[in-house]
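In what follows, a single structure is set out as structure tokens and then discussed.
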Amino acid sequence: MIKEEAVSRIKKLKQERKAVILAHNYQIGEVQDVADFTGDSLGLSQEAAKVEAETIVFCGVHFMAETAAILSPRKIVLLPDPHAGCPMAAMITGQELRDWKKRYPGRKVVCYVNTTAEVKAESDVCCTSSNAVRVVNSIPDEEILFVPDKNLAVYVGRQTGKKIIAWDGYCYVHNRIYARDVLEKKRLYPDAEVWVHPECRPEVIDLADQVLSTGTMVKAARETTRRQVIVGTEAGIIYRLKKENPKTEFYPVKEMAFCSNMKKINLKKVWKALEEMKFRVEVSPEISRKARGAIEKMIAI
Ligand code: 13P
Ligand code: SF4
């Protein structure tokens, strides 16, 4: 299929279906270009909650589409590839969280947005990479349970001074970025600033000038006056950063830092999703009600 043909079909179908296309910052460039809104997990969930459209085509991974379905129960939420899941979100189930909580009675649970609806339903409050510190600080307790990302948990613990008891989960893409990768890129570009995502290992975070979510990286790219920036996150973000600021050179800290799940969606699948109204993501009313509580608490913070 020729790209132009796919884009024009998508645009036509979008009108017919009264649909909006949301895309995460890690999506391939041509999917980002066809989207009505591109952003980080927080931005996308806020956008999903306020859009007027009847159908949301979510170009991201399953937990993101699920979050949109929870926040917009009357809208049809479509994930163009049903296998686009997040391996980190799969590292804890609702039952595992229920069992874990029993070992720490009375402790509040903060769940990263990269979790299933069932895990969110078992949590007190949700957070994303851009508000995790603020969310944890809003809880008066000194000891908090955090699922599933152990790296984000260390970062939050250091920033808040609280004792964070973490689940042993991680993002395989960020966890494979090592301090030696950052040091090698710093050797190549000694004048560059280093931005990393808080899903990175603590020793990688120690080498960074700024720790940013993908959304705040996009904002920082618009505002920076630096000529060179080394970026420690999934390499798909480079497309968006360059688009925001063609004057700055953005170098991925690791060229191979690719999330294969985020790359499952392409223009043909977006077109098919709209044409055949597939694949619908739904959450049961009971789970949805409980999970919404944790997400709405986060949005209020
Ligand atoms: P943010 O876009 O919220 O920074 O999250 C990154 C991520 O890994 C999403 O899967
Ligand atoms: Fe999950 Fe990591 Fe991929 Fe994000 S980049 S979807 S956290 S595996």
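Letters A, B, ... go to the chains of the structure tokens in the order shown; residues in each chain start at 1; ligands are counted from 1 in the same order.
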Taking a cut-off of 7 Å and counting only C-alpha atoms and all ligand atoms, can you build a table that, for each residue of chain A near ligand 2, reports the nearest atom pair and how far apart they are in Å (one decimal), sorted by chain then residue number, as JSON lines?
{"residue": "A:Val61", "atom": "CA", "partner": "ligand 2", "partner_atom_place_in_ligand_line": "6 (S)", "distance": 6.0}
{"residue": "A:Gly85", "atom": "CA", "partner": "ligand 2", "partner_atom_place_in_ligand_line": "6 (S)", "distance": 6.9}
{"residue": "A:Cys86", "atom": "CA", "partner": "ligand 2", "partner_atom_place_in_ligand_line": "1 (Fe)", "distance": 3.9}
{"residue": "A:Pro87", "atom": "CA", "partner": "ligand 2", "partner_atom_place_in_ligand_line": "8 (S)", "distance": 5.0}
{"residue": "A:Met88", "atom": "CA", "partner": "ligand 2", "partner_atom_place_in_ligand_line": "1 (Fe)", "distance": 5.1}
{"residue": "A:Ala89", "atom": "CA", "partner": "ligand 2", "partner_atom_place_in_ligand_line": "1 (Fe)", "distance": 6.7}
{"residue": "A:Asn114", "atom": "CA", "partner": "ligand 2", "partner_atom_place_in_ligand_line": "7 (S)", "distance": 6.4}
{"residue": "A:Cys171", "atom": "CA", "partner": "ligand 2", "partner_atom_place_in_ligand_line": "2 (Fe)", "distance": 4.2}
{"residue": "A:Tyr172", "atom": "CA", "partner": "ligand 2", "partner_atom_place_in_ligand_line": "8 (S)", "distance": 5.8}
{"residue": "A:Val173", "atom": "CA", "partner": "ligand 2", "partner_atom_place_in_ligand_line": "2 (Fe)", "distance": 5.3}
{"residue": "A:His174", "atom": "CA", "partner": "ligand 2", "partner_atom_place_in_ligand_line": "2 (Fe)", "distance": 6.5}
{"residue": "A:Glu234", "atom": "CA", "partner": "ligand 2", "partner_atom_place_in_ligand_line": "5 (S)", "distance": 6.1}
{"residue": "A:Cys259", "atom": "CA", "partner": "ligand 2", "partner_atom_place_in_ligand_line": "3 (Fe)", "distance": 4.6}
{"residue": "A:Asn261", "atom": "CA", "partner": "ligand 2", "partner_atom_place_in_ligand_line": "3 (Fe)", "distance": 6.0}
{"residue": "A:Met262", "atom": "CA", "partner": "ligand 2", "partner_atom_place_in_ligand_line": "3 (Fe)", "distance": 6.0}
Residue subset to file, keeping all heavy atoms, as an mmCIF file, in the first residue's frame:
data_model
loop_
_atom_site.group_PDB
_atom_site.id
_atom_site.type_symbol
_atom_site.label_atom_id
_atom_site.label_comp_id
_atom_site.auth_asym_id
_atom_site.auth_seq_id
_atom_site.Cartn_x
_atom_site.Cartn_y
_atom_site.Cartn_z
ATOM 1 N N VAL A 61 0.261 1.037 23.310
ATOM 2 C CA VAL A 61 0.172 -0.354 23.771
ATOM 3 C C VAL A 61 -1.113 -0.553 24.585
ATOM 4 O O VAL A 61 -1.797 0.406 24.935
ATOM 5 C CB VAL A 61 1.441 -0.781 24.560
ATOM 6 C CG1 VAL A 61 2.620 -0.963 23.618
ATOM 7 C CG2 VAL A 61 1.769 0.183 25.666
ATOM 8 N N GLY A 85 1.268 -5.236 23.387
ATOM 9 C CA GLY A 85 1.162 -5.174 24.855
ATOM 10 C C GLY A 85 2.446 -4.585 25.433
ATOM 11 O O GLY A 85 3.429 -4.410 24.724
ATOM 12 N N CYS A 86 2.430 -4.286 26.715
ATOM 13 C CA CYS A 86 3.650 -3.783 27.363
ATOM 14 C C CYS A 86 4.193 -4.897 28.269
ATOM 15 O O CYS A 86 3.534 -5.272 29.245
ATOM 16 C CB CYS A 86 3.330 -2.541 28.184
ATOM 17 S SG CYS A 86 4.669 -2.070 29.301
ATOM 18 N N PRO A 87 5.395 -5.419 27.967
ATOM 19 C CA PRO A 87 5.944 -6.499 28.796
ATOM 20 C C PRO A 87 6.084 -6.107 30.268
ATOM 21 O O PRO A 87 5.924 -6.948 31.150
ATOM 22 C CB PRO A 87 7.315 -6.779 28.167
ATOM 23 C CG PRO A 87 7.185 -6.302 26.763
ATOM 24 C CD PRO A 87 6.258 -5.123 26.812
ATOM 25 N N MET A 88 6.343 -4.839 30.553
ATOM 26 C CA MET A 88 6.427 -4.439 31.965
ATOM 27 C C MET A 88 5.051 -4.566 32.638
ATOM 28 O O MET A 88 4.964 -5.059 33.774
ATOM 29 C CB MET A 88 6.947 -3.006 32.117
ATOM 30 C CG MET A 88 6.724 -2.462 33.513
ATOM 31 S SD MET A 88 7.883 -1.274 34.068
ATOM 32 C CE MET A 88 7.567 0.105 33.036
ATOM 33 N N ALA A 89 4.003 -4.132 31.945
ATOM 34 C CA ALA A 89 2.654 -4.238 32.526
ATOM 35 C C ALA A 89 2.290 -5.702 32.797
ATOM 36 O O ALA A 89 1.531 -5.994 33.723
ATOM 37 C CB ALA A 89 1.631 -3.590 31.590
ATOM 38 N N ASN A 114 1.667 1.994 33.550
ATOM 39 C CA ASN A 114 2.001 0.786 32.772
ATOM 40 C C ASN A 114 1.595 -0.462 33.555
ATOM 41 O O ASN A 114 2.433 -1.250 33.995
ATOM 42 C CB ASN A 114 3.513 0.722 32.492
ATOM 43 C CG ASN A 114 4.019 1.875 31.662
ATOM 44 O OD1 ASN A 114 3.608 3.014 31.863
ATOM 45 N ND2 ASN A 114 4.916 1.600 30.746
ATOM 46 N N CYS A 171 11.176 -2.138 32.606
ATOM 47 C CA CYS A 171 10.968 -2.039 31.160
ATOM 48 C C CYS A 171 12.230 -2.588 30.501
ATOM 49 O O CYS A 171 13.323 -2.059 30.744
ATOM 50 C CB CYS A 171 10.739 -0.585 30.760
ATOM 51 S SG CYS A 171 11.008 -0.332 29.002
ATOM 52 N N TYR A 172 12.072 -3.613 29.660
ATOM 53 C CA TYR A 172 13.271 -4.236 29.075
ATOM 54 C C TYR A 172 14.040 -3.265 28.185
ATOM 55 O O TYR A 172 15.249 -3.394 28.026
ATOM 56 C CB TYR A 172 12.899 -5.523 28.310
ATOM 57 C CG TYR A 172 12.234 -5.290 26.967
ATOM 58 C CD1 TYR A 172 12.947 -5.408 25.786
ATOM 59 C CD2 TYR A 172 10.892 -4.950 26.881
ATOM 60 C CE1 TYR A 172 12.344 -5.196 24.544
ATOM 61 C CE2 TYR A 172 10.284 -4.737 25.664
ATOM 62 C CZ TYR A 172 11.007 -4.853 24.493
ATOM 63 O OH TYR A 172 10.413 -4.633 23.278
ATOM 64 N N VAL A 173 13.366 -2.282 27.621
ATOM 65 C CA VAL A 173 14.044 -1.331 26.730
ATOM 66 C C VAL A 173 14.937 -0.392 27.555
ATOM 67 O O VAL A 173 16.124 -0.214 27.261
ATOM 68 C CB VAL A 173 13.008 -0.505 25.924
ATOM 69 C CG1 VAL A 173 13.703 0.464 24.982
ATOM 70 C CG2 VAL A 173 12.057 -1.412 25.168
ATOM 71 N N HIS A 174 14.381 0.179 28.599
ATOM 72 C CA HIS A 174 15.159 1.117 29.428
ATOM 73 C C HIS A 174 16.178 0.395 30.296
ATOM 74 O O HIS A 174 17.248 0.927 30.574
ATOM 75 C CB HIS A 174 14.211 1.954 30.295
ATOM 76 C CG HIS A 174 13.402 2.924 29.488
ATOM 77 N ND1 HIS A 174 12.191 2.600 28.943
ATOM 78 C CD2 HIS A 174 13.659 4.194 29.107
ATOM 79 C CE1 HIS A 174 11.719 3.629 28.254
ATOM 80 N NE2 HIS A 174 12.590 4.617 28.345
ATOM 81 N N GLU A 234 13.419 5.168 24.663
ATOM 82 C CA GLU A 234 13.138 4.421 23.441
ATOM 83 C C GLU A 234 13.455 5.331 22.242
ATOM 84 O O GLU A 234 13.063 6.515 22.219
ATOM 85 C CB GLU A 234 11.651 4.030 23.455
ATOM 86 C CG GLU A 234 11.336 2.770 22.718
ATOM 87 C CD GLU A 234 10.986 2.968 21.264
ATOM 88 O OE1 GLU A 234 10.880 4.135 20.825
ATOM 89 O OE2 GLU A 234 10.808 1.984 20.564
ATOM 90 N N CYS A 259 11.309 -0.484 21.361
ATOM 91 C CA CYS A 259 10.250 -1.294 21.960
ATOM 92 C C CYS A 259 9.476 -1.935 20.804
ATOM 93 O O CYS A 259 8.750 -1.232 20.088
ATOM 94 C CB CYS A 259 9.328 -0.420 22.802
ATOM 95 S SG CYS A 259 7.908 -1.345 23.410
ATOM 96 N N ASN A 261 6.947 -3.714 20.747
ATOM 97 C CA ASN A 261 5.492 -3.605 20.894
ATOM 98 C C ASN A 261 4.972 -2.265 20.383
ATOM 99 O O ASN A 261 3.928 -2.196 19.753
ATOM 100 C CB ASN A 261 5.105 -3.810 22.352
ATOM 101 C CG ASN A 261 5.420 -5.223 22.781
ATOM 102 O OD1 ASN A 261 4.653 -6.123 22.510
ATOM 103 N ND2 ASN A 261 6.577 -5.423 23.370
ATOM 104 N N MET A 262 5.736 -1.216 20.677
ATOM 105 C CA MET A 262 5.335 0.119 20.222
ATOM 106 C C MET A 262 5.422 0.229 18.695
ATOM 107 O O MET A 262 4.814 1.102 18.098
ATOM 108 C CB MET A 262 6.247 1.172 20.860
ATOM 109 C CG MET A 262 5.845 1.509 22.265
ATOM 110 S SD MET A 262 4.400 2.606 22.238
ATOM 111 C CE MET A 262 4.153 2.840 23.985
#
(message) Which residues are near range 13-27 of chain A? Cut-off 8 Å, only C-alpha atoms, ignore same chain within fewer than 2 positions. Put them as a count of residues only.
(response) 38
(message) Using only C-alpha atoms, which protein or nucleic acid residues come within 10 Å of range 218-228 of chain A? Drop anything in the same chain fewer than 2 positions from it, and give the result as a VMD selection string.
(response) chain A and resid 25 39 to 40 189 to 195 210 212 to 216 230 to 231 237 to 238 240 to 251
(message) Considering only C-alpha atoms, can you say which of A:Gly157, A:Gly106, A:Gly94, A:Pro82 comes closest to Glu66 in chain A?
(response) A:Pro82
Skipping near chain neighbours, those fewer than 6 positions away, what residues fall within 12 Å of Ser138 in chain A using only C-alpha atoms, listed as a tab-separated table (two decimals) with C-alpha atoms, in the first residue's frame?
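This is the output file out35.tsv:
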chain	number	residue	atom	x	y	z
A	108	LYS	CA	-0.86	2.48	50.27
A	110	VAL	CA	0.92	3.47	43.94
A	124	ASP	CA	-4.86	3.42	45.74
A	125	VAL	CA	-3.53	5.83	43.16
A	126	CYS	CA	-2.00	5.67	39.72
A	127	CYS	CA	0.99	7.68	38.43
A	131	ASN	CA	3.94	12.92	37.96
A	132	ALA	CA	5.22	9.93	40.01
A	144	ILE	CA	4.68	3.12	50.19
A	160	THR	CA	10.83	12.05	47.93
A	162	LYS	CA	10.29	8.03	51.40
A	297	LYS	CA	-7.02	10.56	41.95
A	298	MET	CA	-3.81	10.93	39.89
A	300	ALA	CA	-6.67	15.48	40.45
A	301	ILE	CA	-3.12	15.60	41.91
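Restricting the calculation to only C-alpha atoms and all ligand atoms, the smallest distance between ligand 1 and any of A:Leu42, A:Val135, A:Ala49, A:Val196 is found for A:Leu42.
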(request) With a distance cut-off of 12 Å and only C-alpha atoms, select the neighbouring residues of Lys101 in chain A, excluding the residue or stretch itself and same-chain residues fewer than 2 positions from it, and output the selection as a PyMOL selection string. (result) chain A and resi 94-99+103-110+119+122-124+144-147+165-167
Produce a file of the selected residues containing C-alpha atoms, as a compact mmCIF listing (two decimals), in the first residue's frame.
# COMPACT_ATOMS: atom_id res chain seq x y z
CA GLY A 94 -4.17 -8.44 39.94
CA GLN A 95 -3.89 -11.66 41.98
CA GLU A 96 -0.14 -11.15 42.53
CA LEU A 97 -0.80 -7.64 43.79
CA ARG A 98 -3.57 -8.86 46.12
CA ASP A 99 -1.18 -11.46 47.60
CA ARG A 103 2.36 -8.91 53.39
CA TYR A 104 2.21 -5.14 54.01
CA PRO A 105 -1.12 -4.42 55.73
CA GLY A 106 -2.19 -0.79 55.78
CA ARG A 107 0.37 0.32 53.16
CA LYS A 108 -0.86 2.48 50.27
CA VAL A 109 -0.22 1.18 46.74
CA VAL A 110 0.92 3.47 43.94
CA VAL A 119 -3.82 -3.97 38.86
CA GLU A 122 -6.22 -2.98 43.31
CA SER A 123 -4.21 0.24 43.77
CA ASP A 124 -4.86 3.42 45.74
CA ILE A 144 4.68 3.12 50.19
CA LEU A 145 4.22 0.10 47.90
CA PHE A 146 5.06 0.78 44.24
CA VAL A 147 4.31 -1.43 41.20
CA ILE A 165 8.86 -0.94 48.59
CA ALA A 166 9.02 -1.93 44.92
CA TRP A 167 7.76 -4.82 42.84
(request) Do a neighbour search on Lys264 in chain A at 7 Å with only C-alpha atoms, toss out local chain neighbours closer than 3 positions, and write the hits as JSON, numbers by chain. (result) {"A": [81, 84, 260, 261]}
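Coordinates place CA of Leu78 in chain A at a distance of 16.3 Å from CA of Thr116 in chain A.
Here CA of Tyr170 in chain A is placed at a distance of 16.9 Å from CA of Ser130 in chain A.
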(request) Can you check which residues of range 27-83 of chain A DSSP gives as strand (DSSP E) on the backbone and send them as number ranges by chain? (result) A: 37-39, 55-59, 76-78
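The coordinates place CA of Phe63 in chain A at 11.5 Å from CA of His83 in chain A.
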(request) Would you please work out which residue, of A:Cys111, A:Ile299, A:Met217, A:Val283, is nearest to Ser72 in chain A when using only C-alpha atoms? (result) A:Val283
(request) Mind listing the alpha helix (DSSP H) residues of range 69-231 of chain A, per DSSP on the backbone, as a count of residues only? (result) 62
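Proximity to ligand 1 was assessed for A:Glu143, A:Glu255, A:Asp206, A:Asp149 counting only C-alpha atoms and all ligand atoms; the smallest distance is recorded for A:Asp149.
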(message) Just checking: using only C-alpha atoms and all ligand atoms, which residue out of A:Ile28, A:Cys200, A:Ala117, A:Ile295 ends up closest to ligand 1?
(response) A:Cys200
(message) Counting only C-alpha atoms, which residue out of A:Trp100, A:Val253, A:Ile139, A:Ser129 sits closest to Asp168 in chain A?
(response) A:Trp100
